[in-house]
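S.K.: Got a structure for you, written out below as structure tokens; questions coming shortly.
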Amino acid sequence: MSTSFARVGCVCVLASLAAVYPRHALAQTSAGHEHSTHGDRAQQVMPHTDAAIDSLLSIARRASETFSDRSAALAAGYRRVGMDFPSMGEHWVNPALVLEERFDVARPAILTYTVVQGRPTLLGVVYAIPLAPGEKPPAAFGPEATWHEHNGSVEEESLLPEHHSMSMPSSGSGIRLAILHAWVRAPNPDGVFAAENWALPFLRVGLDVPVGFPKSAARAISLLSGGDRYYRELAGESANAAVGAALERCADVASRVVRRAQARGQALGPADLEELDGAWSAAVVEVRNAAGADVAKRINGGILPGEMR
């Protein structure tokens, strides 16, 4: 990759982030040391069936242990960008590692965290590689690794409604960042390299991840750990009130379902998931009637024209 691309492309990509990092990160990180190894459910990651890939993932997992405490990530140059998203968590970006313009499995440019039962917990790593026009992403993890691209900035990683885990085009013009998630410290039913992880809403509130759960149930559960803020922002200021009211009713149902499951000492069952699915579906219909089809589609994970860049 050319030096001119590095100077023009990567510097432009990261300059706007660097200006806000110190203040933003310090505001979001509590003083002292954190201990995130408590979250047993968030550590239950099955070995990969391919030995070569599992070996690489083990390297990434061991390297990430250094950053179980977010203060260690902060000291190493990582800074939080964006909010804690329902299906991705927080993104902590290290601009210097992006600027290195090379793939190193032990040196991810981004770390992901979320709060599990009140404590910050490391979820995994994200690789971000600047690409020149026509350049392809690294093939280290094989065809299963579904890279996606952002045309503009690492910050875009935390702003898109959903990624849909699409394969990255091999051509294009202008600044391109190839992005690959690796959930090396949290289970993901959709696979270790999936762009999103809808197990997170269950983990945050201390629930076992149900088998075969619908995303609608996960979205409903996410309202119990701050997900409503995300959906309100997706909807926009003009639709905030309508969306807020619908989400509040859905959250009431989710809270009742969780309390009931906890009282019987069991994981969420099919009837619970069906009730959560119904509550979320009702909320989407309510939003559609009050704020329009586009807003309803947006909060339900749909991508409107022009949103996926």
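Naming works like this for the structure tokens: A, B, ... for the chains as they're shown, residue 1 at the start of each chain, ligands 1 onward in shown order.
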Please, which residues of stretch 77-116 of chain A, numbered as in this document, come out strand (DSSP E) from DSSP, as a ChimeraX atom specification?

M.R.: /A:79-85,89-93,110-116

S.K.: Could I get the residues of stretch 179-297 of chain A with an atom no further than 10 Å from an atom of stretch 70-87 of chain A, each paired with its nearest atom pair and that distance in Å to one decimal, using only C-alpha atoms, sorted by chain and residue number, as JSON lines?

M.R.:
{"residue": "A:Ala195", "atom": "CA", "partner": "A:Ser87", "partner_atom": "CA", "distance": 8.8}
{"residue": "A:Glu196", "atom": "CA", "partner": "A:Ser87", "partner_atom": "CA", "distance": 5.3}
{"residue": "A:Asn197", "atom": "CA", "partner": "A:Ser87", "partner_atom": "CA", "distance": 4.9}
{"residue": "A:Trp198", "atom": "CA", "partner": "A:Ser87", "partner_atom": "CA", "distance": 4.9}
{"residue": "A:Ala199", "atom": "CA", "partner": "A:Ser87", "partner_atom": "CA", "distance": 7.5}
{"residue": "A:Leu200", "atom": "CA", "partner": "A:Ser87", "partner_atom": "CA", "distance": 6.1}
{"residue": "A:Pro201", "atom": "CA", "partner": "A:Pro86", "partner_atom": "CA", "distance": 6.3}
{"residue": "A:Arg204", "atom": "CA", "partner": "A:Pro86", "partner_atom": "CA", "distance": 9.6}
{"residue": "A:Lys215", "atom": "CA", "partner": "A:Ser87", "partner_atom": "CA", "distance": 9.7}
{"residue": "A:Ala218", "atom": "CA", "partner": "A:Pro86", "partner_atom": "CA", "distance": 8.6}
{"residue": "A:Arg219", "atom": "CA", "partner": "A:Pro86", "partner_atom": "CA", "distance": 7.4}
{"residue": "A:Ile221", "atom": "CA", "partner": "A:Pro86", "partner_atom": "CA", "distance": 9.3}
{"residue": "A:Ser222", "atom": "CA", "partner": "A:Pro86", "partner_atom": "CA", "distance": 5.9}
{"residue": "A:Leu223", "atom": "CA", "partner": "A:Pro86", "partner_atom": "CA", "distance": 8.6}
{"residue": "A:Ser225", "atom": "CA", "partner": "A:Pro86", "partner_atom": "CA", "distance": 8.4}
{"residue": "A:Gly226", "atom": "CA", "partner": "A:Pro86", "partner_atom": "CA", "distance": 8.1}
{"residue": "A:Gly227", "atom": "CA", "partner": "A:Pro86", "partner_atom": "CA", "distance": 5.6}
{"residue": "A:Asp228", "atom": "CA", "partner": "A:Pro86", "partner_atom": "CA", "distance": 9.2}
{"residue": "A:Arg229", "atom": "CA", "partner": "A:Met83", "partner_atom": "CA", "distance": 9.0}
{"residue": "A:Tyr230", "atom": "CA", "partner": "A:Phe85", "partner_atom": "CA", "distance": 6.6}
{"residue": "A:Tyr231", "atom": "CA", "partner": "A:Pro86", "partner_atom": "CA", "distance": 9.3}

S.K.: How would the residues just chosen look if you wrote them out with C-alpha atoms as a compact mmCIF listing (two decimals), in the first residue's frame?

M.R.:
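Result file follows (out.txt):
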# COMPACT_ATOMS: atom_id res chain seq x y z
CA ALA A 195 -20.81 -8.87 12.26
CA GLU A 196 -23.50 -8.86 14.94
CA ASN A 197 -24.12 -10.86 18.08
CA TRP A 198 -27.73 -11.03 19.20
CA ALA A 199 -26.79 -13.15 22.21
CA LEU A 200 -25.61 -9.96 23.91
CA PRO A 201 -29.03 -8.73 25.12
CA ARG A 204 -26.28 -8.39 29.69
CA LYS A 215 -33.99 -11.57 16.79
CA ALA A 218 -33.43 -10.32 21.55
CA ARG A 219 -34.47 -6.80 20.57
CA ILE A 221 -34.73 -8.05 25.86
CA SER A 222 -32.24 -5.36 24.80
CA LEU A 223 -34.66 -2.73 26.08
CA SER A 225 -30.20 -2.80 29.26
CA GLY A 226 -30.36 0.55 27.47
CA GLY A 227 -31.34 -0.59 23.98
CA ASP A 228 -34.20 1.91 23.92
CA ARG A 229 -31.68 4.74 23.50
CA TYR A 230 -30.31 3.11 20.36
CA TYR A 231 -33.75 2.66 18.81

S.K.: Could you give me, as a PyMOL selection string, the residues within 6 Å of stretch 121-132 of chain A, counting only C-alpha atoms and dropping anything in the same chain fewer than 2 positions from it?

M.R.: chain A and resi 36+68+101+108-115+135+176-186

S.K.: Write the residues of the selection above to a file with C-alpha atoms, as a PDB file, in the first residue's frame.

M.R.:
ATOM      1  CA  SER A  36     -14.495  -8.380  33.612  1.00  0.00           C
ATOM      2  CA  SER A  68     -10.046  -7.374  30.037  1.00  0.00           C
ATOM      3  CA  GLU A 101      -2.072  -0.722   7.525  1.00  0.00           C
ATOM      4  CA  PRO A 108      -6.607  -5.783  16.638  1.00  0.00           C
ATOM      5  CA  ALA A 109      -7.436  -2.154  15.903  1.00  0.00           C
ATOM      6  CA  ILE A 110     -10.776  -2.355  17.733  1.00  0.00           C
ATOM      7  CA  LEU A 111     -11.975  -4.033  20.938  1.00  0.00           C
ATOM      8  CA  THR A 112     -15.617  -4.631  21.835  1.00  0.00           C
ATOM      9  CA  TYR A 113     -17.075  -4.448  25.336  1.00  0.00           C
ATOM     10  CA  THR A 114     -20.471  -4.437  26.978  1.00  0.00           C
ATOM     11  CA  VAL A 115     -21.786  -4.318  30.529  1.00  0.00           C
ATOM     12  CA  GLU A 135      -7.284  -4.390  -2.917  1.00  0.00           C
ATOM     13  CA  ARG A 176     -12.163   1.846   2.226  1.00  0.00           C
ATOM     14  CA  LEU A 177     -11.818   0.094   5.565  1.00  0.00           C
ATOM     15  CA  ALA A 178     -12.191  -3.664   5.696  1.00  0.00           C
ATOM     16  CA  ILE A 179     -13.797  -4.718   8.995  1.00  0.00           C
ATOM     17  CA  LEU A 180     -13.911  -8.182  10.565  1.00  0.00           C
ATOM     18  CA  HIS A 181     -15.413  -9.051  13.962  1.00  0.00           C
ATOM     19  CA  ALA A 182     -14.057 -11.991  15.944  1.00  0.00           C
ATOM     20  CA  TRP A 183     -16.121 -12.824  19.042  1.00  0.00           C
ATOM     21  CA  VAL A 184     -13.268 -14.554  20.855  1.00  0.00           C
ATOM     22  CA  ARG A 185     -14.578 -13.969  24.385  1.00  0.00           C
ATOM     23  CA  ALA A 186     -18.352 -14.237  23.979  1.00  0.00           C
TER      24      ALA A 186
END

S.K.: For A:Gly236, which residue among A:Ala106, A:Leu56, A:Val285, A:Ala291 is the nearest when counting only C-alpha atoms?

M.R.: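 Nearest to A:Gly236: A:Ala291.
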
S.K.: Pick out the residues sitting within 8 Å of A:Leu203, and hand them over as number ranges by chain; count only C-alpha atoms, and ignore anything fewer than 3 positions along from it in its own chain.

M.R.: A: 41-42, 116-117, 199-200, 206-209

S.K.: I need the residue nearest A:Val287 from this list: A:Ala254, A:Ala241, A:Ala261, A:Met88. Use only C-alpha atoms for the distance.

M.R.: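 Of A:Ala254, A:Ala241, A:Ala261, A:Met88, the one nearest A:Val287 is A:Ala241, counting only C-alpha atoms.
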
S.K.: Quick one: everything within 10 Å of A:Leu273, counting only C-alpha atoms, minus sequence neighbours fewer than 2 positions away in the same chain. Send it as a VMD selection string.

M.R.: chain A and resid 210 212 to 218 220 to 221 254 257 268 to 271 275 to 279
